[in-house]
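One structure is given below, encoded as C-alpha cells.
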Amino acid sequence: MDKRAQPDKSRLPSRHVTEGPERAPHRSYLYAMGLSDEEIHQPLVGVATCWNEAAPCNISLMRQAQAVKKGVAAARGTPREFATITVTDGIAMGHEGMFSSLPSRDVIADSVELTMRGHCYDALIGLAGCDKSLPGMMMAMVRLNVPSVFIYGGSILPGTFRGKPVTVQDVFEAVGRHSVGQLSNEDLAELERVACPSAGACGAQFTANTMATVSEAIGLAPPYSAGAPAPYEIRDAFCYQAGEQVMALLAANIRPRDIVTREALENAATVVAASGGSTNAALHLPAIANEAGIEFDLFDVAEIFRRTPYIADLKPGGRYVAKDMFEAGGVPLLMKTLLDHGHLHGDCLTVTGRSVAENLASVQWNDEQDVVRPANDPISPTGGVVGLSGNLAPDGAIVKVAGMKTLTFRGPARCFDSEEECFEAVTNRRYEEGDVLVIRYEGPKGGPGMREMLATTAALYGQGMGDKVALITDGRFSGATRGFCVGHVGPEAAVGGPIGLIRDGDIIVLDAEKGVISVELSDEELAERRKQWQAPAPRFGSGALWKFAELTGPARFGAVTHPGAKRETKVYADV
C-alpha cells in the first residue's frame with residue numbers, strides 16, 4: 001500500500017469538525033493548540049494510550065506514542081493523542097481492587113469510542129500494555145471500524161534472583177512458600193526487589209503477552225511488534241511504522257472488520273493454544289467477536305484449543321519468557337510453523353495490507369532456538385488450554401494444561417463463597433490433599449467483575465500443593481496460574497448455576513483429556529437444591545461496579561455489556 005496516498009477528506013468523520021465556514025469555532029480550538037491550516041485539513045488520527053503510573057506495564061506508553069505521532073505526521077496525517085484508563089492486575093490482585101479489572105476492559109473500549117466519536121477522528125492507533133487494556137483497545141477498534149493499528153507496549157525483562165531468572169509469578173508463589181516457613185522475611189524482601197527490573201507487562205505468557213500474541217495473529221498489529229520488550233529501542237521503529245501504516249489503511253479504506261473475520265478469530269485462538277497462553281483469551285476473543293457481530297463463544301474457542309498442538313515452551317508452564325521468543329523469531333516464527341502445518345488460515349487480511357501467508361512468506365525456521373517447536377513435533381499434541389463441560393458447567397469452563405503432569409482429578413468439594421474465604425483457608429492450611437476447592441459468586445455478575453484468583457493459586461503452589469488439590473471457580477485465573485485450576489464455570493453461581501448448588505463433600509470429577517467437569521449428583525438432586533437456592537444480595541448498590549453487574553452477560557459470550565454489531569444501526573466510520 002502507498003503510505004503517502006491521501007484519502008478523500010469529504011468522506012471522513014473529521015469533515016464534521018474541520019470543513020466549511022460553519023466549523024470556524026471548531027477550527028479556532030485547533031489553531032489554539034498550534035495546528036497549522038494544513039494540519040487541520042489533513043485526516044485526524046486518534047492516538048490512544050493506556051499510560052499511567054500504576055505499574056510498569058504502561059509506564060512507557062507515553063514515550064512510544066510520540067514515535068507513533070511522528071509516523072502519522074510523516075505520512076501527512078495529524079495525530080491527536082489522548083489517554084484512557086487501565087487497571088493493572090498485578091496491583092489489583094488478591095483484594096477488592098480485582099473487582100475493577102474486567103469492568104475496566106469495557107470502560108476502555110467505551111471511553112475510546114466516546115473520544116473518537118466526540119472529536120470525529122478518522123483513524124485510530126491504540127497503545128496498550130496491561131491485561132484488559134489490550135482487548136479493550138481492540139474491541140474499540142472493531143466497534144468504531146475506522147482504519148486502525150494496534151501496538152503493544154512490550155513486556156518486562158526478567159529479573160535475576162541469586163543467579164536465576166525470575167518473574168512476578170515467582171513472587172506470588174514465594175508468598176505461599178513464606179506462609180509455610182520455606183522462605184524467610186529477608187529472602188522474600190530480596191526477591192520482591194529484583195523480580196521486575198524494567199518497564200513492561202509481565203514477562204511470561206500471561207494475559208498481556210497472550211493478547212499481544214493475539215494482536216498479531218488476528219491481524220491488527222504489525223508483524224514482530226508484539227514481541228519486542230518495552231525497554232528495547234526497536235519499539236520506536238514499530239511505533240513509527242504503525243503511524244505511517246494507519247495512513248495507508250485510511251487511503252485504502254481497509255477497516256478492522258475487514259481484518260477481524262471468523263477465520264482471523266480462529267487464527268487468534270490457535271496461537272493462544274500453541275503458546276500455552278492465558279485462559280482469559282477465551283473471554284476476550286468472544287468479546288472482540290461481539291464487536292464485529294460474529295458468533296464465536298467459549299465452545300468455539302475450546303474446539304480450536306482441542307485440535308491445536310502446544311509448541312511454545314513459555315512460562316508459566318515452560319522455561320522461557322516473551323523476550324526469549326522475540327529473540328528466537330517472535331510471533332511470526334510461531335505462526336509460520338502453524339501455517340506450514342495447516343493450523344492457520346493464510347488468506348486472512350492484516351494491517352500490512354497483505355495476507356497472513358504473504359506476511360510470513362520470508363520467515364525462515366530458526367534451528368538454533370528451542371523456544372518454539374515445529375508444529376509437527378509439539379510439546380503436546382493438543383493446545384495448552386482446554387475447554388470443559390458437563391453437569392457442573394453446562395455453559396462451559398476452561399483450564400490451562402500447559403506444564404501439567406496429571407490431566408484428571410476426582411475429589412470432595414470444599415466450598416467458599418468468595419476468594420478471600422478460600423485464601424484465608426489456604427494460608428492457614430485448612431484444606432486437605434485431594435480436595436477440590438470451589439470459589440463461587442465471583443462470576444461476571446456475582447463478583448461482580450469475575451476476579452482472578454492468582455493470590456490463592458500461587459499460595460497453593462508455593463505450599464507445594466499445586467498438583468495435590470484442584471480449584472474451580474466461576475471467576476477467572478491469571479495467566480500466571482498453574483496447577484489444576486478450572487475457571488469461567490458457567491452458568492455462574494449468582495444466576496443459579498450448578499456451581500452455586502454444590503455442598504462440601506460432593507464429589508467433583510475433572511478430566512482435561514475428555515473435556516469433562518461434573519459433580520456426582522443426579523439431575524433430580526440438583527433440581528431439588530435449585531428450588532432451595534436463594535440469590536445473594538449484590539455486593540455493590542451503585543457506581544461502576546453496580547453498572548457492570550447489571551449490564552454484563554455470561555462468560556461464555558465474553559462477559560460483554562452491550563449487544564455488539566448484531567444490533568448496530570450505524571457504524572461510526574460511516575458518519
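Here's how to read the names in the C-alpha cells: chain A, B, ... by the order shown, residue numbers from 1 in each chain, ligand numbers from 1 in the order shown.
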Per-residue nearest contacts of segment 153-177 of chain A to segment 129-136 of chain A (8 Å; only C-alpha atoms) as a Markdown table:
| residue | atom | partner | partner_atom | distance |
| --- | --- | --- | --- | --- |
| A:Gly153 | CA | A:Gly129 | CA | 4.8 |
| A:Gly154 | CA | A:Gly129 | CA | 6.7 |
| A:Ser155 | CA | A:Gly129 | CA | 8.0 |
Would you save the residues from that selection as an mmCIF file, in the first residue's frame, using N, CA, C and O atoms?
data_model
loop_
_atom_site.group_PDB
_atom_site.id
_atom_site.type_symbol
_atom_site.label_atom_id
_atom_site.label_comp_id
_atom_site.auth_asym_id
_atom_site.auth_seq_id
_atom_site.Cartn_x
_atom_site.Cartn_y
_atom_site.Cartn_z
ATOM 1 N N GLY A 153 2.674 -2.268 24.233
ATOM 2 C CA GLY A 153 3.753 -1.520 24.864
ATOM 3 C C GLY A 153 4.998 -2.333 25.123
ATOM 4 O O GLY A 153 6.072 -1.774 25.373
ATOM 5 N N GLY A 154 4.881 -3.666 25.075
ATOM 6 C CA GLY A 154 6.043 -4.530 25.269
ATOM 7 C C GLY A 154 6.111 -5.137 26.650
ATOM 8 O O GLY A 154 5.546 -4.621 27.621
ATOM 9 N N SER A 155 6.828 -6.240 26.748
ATOM 10 C CA SER A 155 6.928 -6.961 28.011
ATOM 11 C C SER A 155 8.104 -6.479 28.842
ATOM 12 O O SER A 155 9.026 -5.828 28.347
#
Using only C-alpha atoms, determine which residues lie at most 10 Å from Lys547 of chain A, disregarding the query and same-chain residues fewer than 4 positions distant; provide the list as a PDB file with N, CA and C atoms, in the first residue's frame.
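Result went into result_3.pdb, see below:
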ATOM      1  N   PRO A 103     -14.281  -5.054  34.447  1.00  0.00           N
ATOM      2  CA  PRO A 103     -15.047  -3.878  34.010  1.00  0.00           C
ATOM      3  C   PRO A 103     -14.195  -2.821  33.320  1.00  0.00           C
ATOM      4  N   LYS A 445     -21.390 -11.329  36.979  1.00  0.00           N
ATOM      5  CA  LYS A 445     -22.397 -10.625  37.768  1.00  0.00           C
ATOM      6  C   LYS A 445     -22.149 -10.769  39.263  1.00  0.00           C
ATOM      7  N   PRO A 448     -19.007  -8.387  41.476  1.00  0.00           N
ATOM      8  CA  PRO A 448     -19.004  -8.502  40.023  1.00  0.00           C
ATOM      9  C   PRO A 448     -17.585  -8.387  39.482  1.00  0.00           C
ATOM     10  N   PHE A 540     -22.466  -4.605  45.465  1.00  0.00           N
ATOM     11  CA  PHE A 540     -22.434  -3.162  45.258  1.00  0.00           C
ATOM     12  C   PHE A 540     -23.805  -2.675  44.831  1.00  0.00           C
ATOM     13  N   GLY A 541     -24.227  -1.541  45.405  1.00  0.00           N
ATOM     14  CA  GLY A 541     -25.547  -0.999  45.117  1.00  0.00           C
ATOM     15  C   GLY A 541     -25.542   0.204  44.204  1.00  0.00           C
ATOM     16  N   SER A 542     -24.358   0.680  43.841  1.00  0.00           N
ATOM     17  CA  SER A 542     -24.271   1.831  42.945  1.00  0.00           C
ATOM     18  C   SER A 542     -22.872   1.880  42.358  1.00  0.00           C
ATOM     19  N   GLY A 543     -22.667   2.858  41.470  1.00  0.00           N
ATOM     20  CA  GLY A 543     -21.341   3.067  40.906  1.00  0.00           C
ATOM     21  C   GLY A 543     -21.044   2.159  39.731  1.00  0.00           C
ATOM     22  N   LEU A 551     -25.298  -4.915  33.600  1.00  0.00           N
ATOM     23  CA  LEU A 551     -25.236  -4.992  32.146  1.00  0.00           C
ATOM     24  C   LEU A 551     -24.553  -6.244  31.615  1.00  0.00           C
ATOM     25  N   THR A 552     -23.643  -6.828  32.365  1.00  0.00           N
ATOM     26  CA  THR A 552     -22.785  -7.870  31.812  1.00  0.00           C
ATOM     27  C   THR A 552     -23.538  -9.151  31.514  1.00  0.00           C
ATOM     28  N   THR A 561     -21.028  -6.150  27.675  1.00  0.00           N
ATOM     29  CA  THR A 561     -22.004  -5.255  28.292  1.00  0.00           C
ATOM     30  C   THR A 561     -22.925  -4.567  27.289  1.00  0.00           C
TER      31      THR A 561
END
For this session: Using DSSP on the backbone coordinates, identify all residues within segment 248-379 of chain A classified as alpha helix (DSSP H); present the result as a ChimeraX atom specification.
Result: /A:248-252,256-259,262-274,281-292,298-307,322-328,330-340,356-360
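When only C-alpha atoms are used to measure the gap to Leu545 of chain A, the shortest distance among A:Gly203, A:Pro444, A:Thr84, A:Trp51 belongs to A:Pro444.
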List the neighbours of Glu442 of chain A out to 7 Å using only C-alpha atoms; skip same-chain residues closer than 6 positions along the sequence, and give me the result as a PDB file with N, CA, C and O atoms, in the first residue's frame.
ATOM      1  N   SER A 418     -16.353 -16.725  48.417  1.00  0.00           N
ATOM      2  CA  SER A 418     -15.546 -15.592  47.950  1.00  0.00           C
ATOM      3  C   SER A 418     -14.094 -16.027  47.905  1.00  0.00           C
ATOM      4  O   SER A 418     -13.694 -17.009  48.563  1.00  0.00           O
ATOM      5  N   PRO A 448     -19.007  -8.387  41.476  1.00  0.00           N
ATOM      6  CA  PRO A 448     -19.004  -8.502  40.023  1.00  0.00           C
ATOM      7  C   PRO A 448     -17.585  -8.387  39.482  1.00  0.00           C
ATOM      8  O   PRO A 448     -16.663  -8.036  40.205  1.00  0.00           O
ATOM      9  N   MET A 450     -15.720 -10.858  37.897  1.00  0.00           N
ATOM     10  CA  MET A 450     -15.002 -12.089  37.582  1.00  0.00           C
ATOM     11  C   MET A 450     -13.535 -12.001  37.987  1.00  0.00           C
ATOM     12  O   MET A 450     -12.629 -12.067  37.162  1.00  0.00           O
ATOM     13  N   ARG A 451     -13.295 -11.870  39.271  1.00  0.00           N
ATOM     14  CA  ARG A 451     -11.921 -11.680  39.755  1.00  0.00           C
ATOM     15  C   ARG A 451     -10.999 -12.842  39.397  1.00  0.00           C
ATOM     16  O   ARG A 451     -11.430 -13.984  39.287  1.00  0.00           O
ATOM     17  N   ASP A 474     -16.226 -19.787  39.249  1.00  0.00           N
ATOM     18  CA  ASP A 474     -16.925 -19.060  38.185  1.00  0.00           C
ATOM     19  C   ASP A 474     -16.240 -17.720  37.921  1.00  0.00           C
ATOM     20  O   ASP A 474     -16.689 -16.944  37.082  1.00  0.00           O
ATOM     21  N   GLY A 475     -15.144 -17.469  38.623  1.00  0.00           N
ATOM     22  CA  GLY A 475     -14.286 -16.336  38.334  1.00  0.00           C
ATOM     23  C   GLY A 475     -13.231 -16.722  37.316  1.00  0.00           C
ATOM     24  O   GLY A 475     -13.411 -17.656  36.520  1.00  0.00           O
TER      25      GLY A 475
END
Next item on the list: Find the spatial neighbours of Asp37 of chain A, counting only C-alpha atoms, within a cut-off of 12 Å - ignore same-chain residues fewer than 3 positions away - and output them as a ChimeraX atom specification.
Entry: /A:18-19,24,27-28,30-34,40-42,78
Can you check which residues of segment 315-443 of chain A DSSP gives as strand (DSSP E) on the backbone and send them as a VMD selection string?
chain A and resid 385 to 390 393 to 400 408 to 416 436 to 439
Write out as a PDB file with N, CA, C and O atoms, in the first residue's frame which residues come within 8 Å of segment 301-307 of chain A when counting only C-alpha atoms, dropping same-chain ones fewer than 2 positions away.
ATOM      1  N   GLU A 266     -10.267 -17.487  14.595  1.00  0.00           N
ATOM      2  CA  GLU A 266      -9.756 -18.849  14.734  1.00  0.00           C
ATOM      3  C   GLU A 266      -8.228 -18.853  14.752  1.00  0.00           C
ATOM      4  O   GLU A 266      -7.608 -19.604  15.524  1.00  0.00           O
ATOM      5  N   ALA A 269      -7.216 -17.777  18.280  1.00  0.00           N
ATOM      6  CA  ALA A 269      -7.363 -18.860  19.260  1.00  0.00           C
ATOM      7  C   ALA A 269      -6.274 -19.908  19.076  1.00  0.00           C
ATOM      8  O   ALA A 269      -5.788 -20.502  20.057  1.00  0.00           O
ATOM      9  N   THR A 270      -5.871 -20.140  17.854  1.00  0.00           N
ATOM     10  CA  THR A 270      -4.824 -21.123  17.573  1.00  0.00           C
ATOM     11  C   THR A 270      -3.498 -20.720  18.201  1.00  0.00           C
ATOM     12  O   THR A 270      -2.818 -21.548  18.824  1.00  0.00           O
ATOM     13  N   VAL A 272      -3.059 -18.795  20.746  1.00  0.00           N
ATOM     14  CA  VAL A 272      -3.187 -18.881  22.205  1.00  0.00           C
ATOM     15  C   VAL A 272      -2.895 -20.301  22.668  1.00  0.00           C
ATOM     16  O   VAL A 272      -2.103 -20.533  23.595  1.00  0.00           O
ATOM     17  N   ALA A 273      -3.531 -21.264  22.013  1.00  0.00           N
ATOM     18  CA  ALA A 273      -3.327 -22.659  22.402  1.00  0.00           C
ATOM     19  C   ALA A 273      -1.889 -23.096  22.154  1.00  0.00           C
ATOM     20  O   ALA A 273      -1.266 -23.755  22.992  1.00  0.00           O
ATOM     21  N   ALA A 282     -10.063 -16.873  26.257  1.00  0.00           N
ATOM     22  CA  ALA A 282     -11.376 -17.463  25.990  1.00  0.00           C
ATOM     23  C   ALA A 282     -12.507 -16.535  26.398  1.00  0.00           C
ATOM     24  O   ALA A 282     -13.667 -16.761  26.022  1.00  0.00           O
ATOM     25  N   LEU A 285     -11.648 -13.127  23.317  1.00  0.00           N
ATOM     26  CA  LEU A 285     -11.920 -13.361  21.896  1.00  0.00           C
ATOM     27  C   LEU A 285     -13.412 -13.306  21.581  1.00  0.00           C
ATOM     28  O   LEU A 285     -13.813 -12.666  20.594  1.00  0.00           O
ATOM     29  N   PHE A 296     -19.022 -16.359  18.163  1.00  0.00           N
ATOM     30  CA  PHE A 296     -17.752 -17.027  18.478  1.00  0.00           C
ATOM     31  C   PHE A 296     -17.650 -17.086  19.992  1.00  0.00           C
ATOM     32  O   PHE A 296     -17.175 -16.151  20.621  1.00  0.00           O
ATOM     33  N   ASP A 297     -18.121 -18.194  20.583  1.00  0.00           N
ATOM     34  CA  ASP A 297     -18.206 -18.262  22.042  1.00  0.00           C
ATOM     35  C   ASP A 297     -17.143 -19.191  22.623  1.00  0.00           C
ATOM     36  O   ASP A 297     -16.246 -19.661  21.921  1.00  0.00           O
ATOM     37  N   LEU A 298     -17.262 -19.453  23.912  1.00  0.00           N
ATOM     38  CA  LEU A 298     -16.284 -20.277  24.629  1.00  0.00           C
ATOM     39  C   LEU A 298     -16.129 -21.649  23.990  1.00  0.00           C
ATOM     40  O   LEU A 298     -15.015 -22.179  23.875  1.00  0.00           O
ATOM     41  N   PHE A 299     -17.232 -22.245  23.536  1.00  0.00           N
ATOM     42  CA  PHE A 299     -17.152 -23.571  22.944  1.00  0.00           C
ATOM     43  C   PHE A 299     -16.414 -23.541  21.607  1.00  0.00           C
ATOM     44  O   PHE A 299     -15.688 -24.471  21.257  1.00  0.00           O
ATOM     45  N   PRO A 309      -1.763 -28.025  18.377  1.00  0.00           N
ATOM     46  CA  PRO A 309      -0.595 -28.501  19.133  1.00  0.00           C
ATOM     47  C   PRO A 309       0.001 -27.387  19.993  1.00  0.00           C
ATOM     48  O   PRO A 309      -0.008 -26.220  19.606  1.00  0.00           O
ATOM     49  N   PRO A 381       0.332 -32.828  21.851  1.00  0.00           N
ATOM     50  CA  PRO A 381      -0.439 -32.777  20.601  1.00  0.00           C
ATOM     51  C   PRO A 381      -1.658 -31.874  20.641  1.00  0.00           C
ATOM     52  O   PRO A 381      -2.186 -31.520  19.586  1.00  0.00           O
ATOM     53  N   THR A 382      -2.123 -31.526  21.839  1.00  0.00           N
ATOM     54  CA  THR A 382      -3.264 -30.618  21.939  1.00  0.00           C
ATOM     55  C   THR A 382      -2.850 -29.350  22.660  1.00  0.00           C
ATOM     56  O   THR A 382      -1.821 -29.307  23.330  1.00  0.00           O
ATOM     57  N   GLY A 383      -3.666 -28.322  22.516  1.00  0.00           N
ATOM     58  CA  GLY A 383      -3.316 -26.993  22.981  1.00  0.00           C
ATOM     59  C   GLY A 383      -3.054 -26.891  24.469  1.00  0.00           C
ATOM     60  O   GLY A 383      -3.445 -27.754  25.263  1.00  0.00           O
ATOM     61  N   GLY A 384      -2.403 -25.813  24.847  1.00  0.00           N
ATOM     62  CA  GLY A 384      -2.068 -25.572  26.245  1.00  0.00           C
ATOM     63  C   GLY A 384      -3.256 -25.183  27.093  1.00  0.00           C
ATOM     64  O   GLY A 384      -3.149 -25.084  28.312  1.00  0.00           O
ATOM     65  N   VAL A 385      -4.409 -24.959  26.457  1.00  0.00           N
ATOM     66  CA  VAL A 385      -5.637 -24.603  27.161  1.00  0.00           C
ATOM     67  C   VAL A 385      -6.743 -25.527  26.657  1.00  0.00           C
ATOM     68  O   VAL A 385      -6.821 -25.829  25.469  1.00  0.00           O
ATOM     69  N   VAL A 386      -7.602 -25.990  27.579  1.00  0.00           N
ATOM     70  CA  VAL A 386      -8.628 -26.983  27.238  1.00  0.00           C
ATOM     71  C   VAL A 386      -9.987 -26.510  27.734  1.00  0.00           C
ATOM     72  O   VAL A 386     -10.103 -25.977  28.842  1.00  0.00           O
ATOM     73  N   GLY A 387     -11.023 -26.716  26.932  1.00  0.00           N
ATOM     74  CA  GLY A 387     -12.389 -26.434  27.342  1.00  0.00           C
ATOM     75  C   GLY A 387     -13.019 -27.645  27.992  1.00  0.00           C
ATOM     76  O   GLY A 387     -12.746 -28.793  27.606  1.00  0.00           O
ATOM     77  N   LEU A 388     -13.846 -27.406  28.985  1.00  0.00           N
ATOM     78  CA  LEU A 388     -14.562 -28.470  29.697  1.00  0.00           C
ATOM     79  C   LEU A 388     -16.048 -28.171  29.698  1.00  0.00           C
ATOM     80  O   LEU A 388     -16.464 -27.015  29.622  1.00  0.00           O
ATOM     81  N   ILE A 398     -12.967 -23.606  31.491  1.00  0.00           N
ATOM     82  CA  ILE A 398     -11.673 -23.583  30.792  1.00  0.00           C
ATOM     83  C   ILE A 398     -10.566 -23.903  31.794  1.00  0.00           C
ATOM     84  O   ILE A 398     -10.632 -23.515  32.961  1.00  0.00           O
TER      85      ILE A 398
END
Checklist entry - Any idea what's packed within 12 Å of Thr457 of chain A, counting only C-alpha atoms, ignoring anything in its chain fewer than 4 positions away? Could you give it as a ChimeraX atom specification? => result /A:93-94,169,172-176,419,422-423,426-427,437-439,452-453,461-473,476-487
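As for atom CA of Leu314 of chain A and atom CA of Glu368 of chain A, they are spaced 16.7 Å apart.
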Between atom CA of Arg235 of chain A and atom CA of Leu157 of chain A lies a distance of 13.9 Å
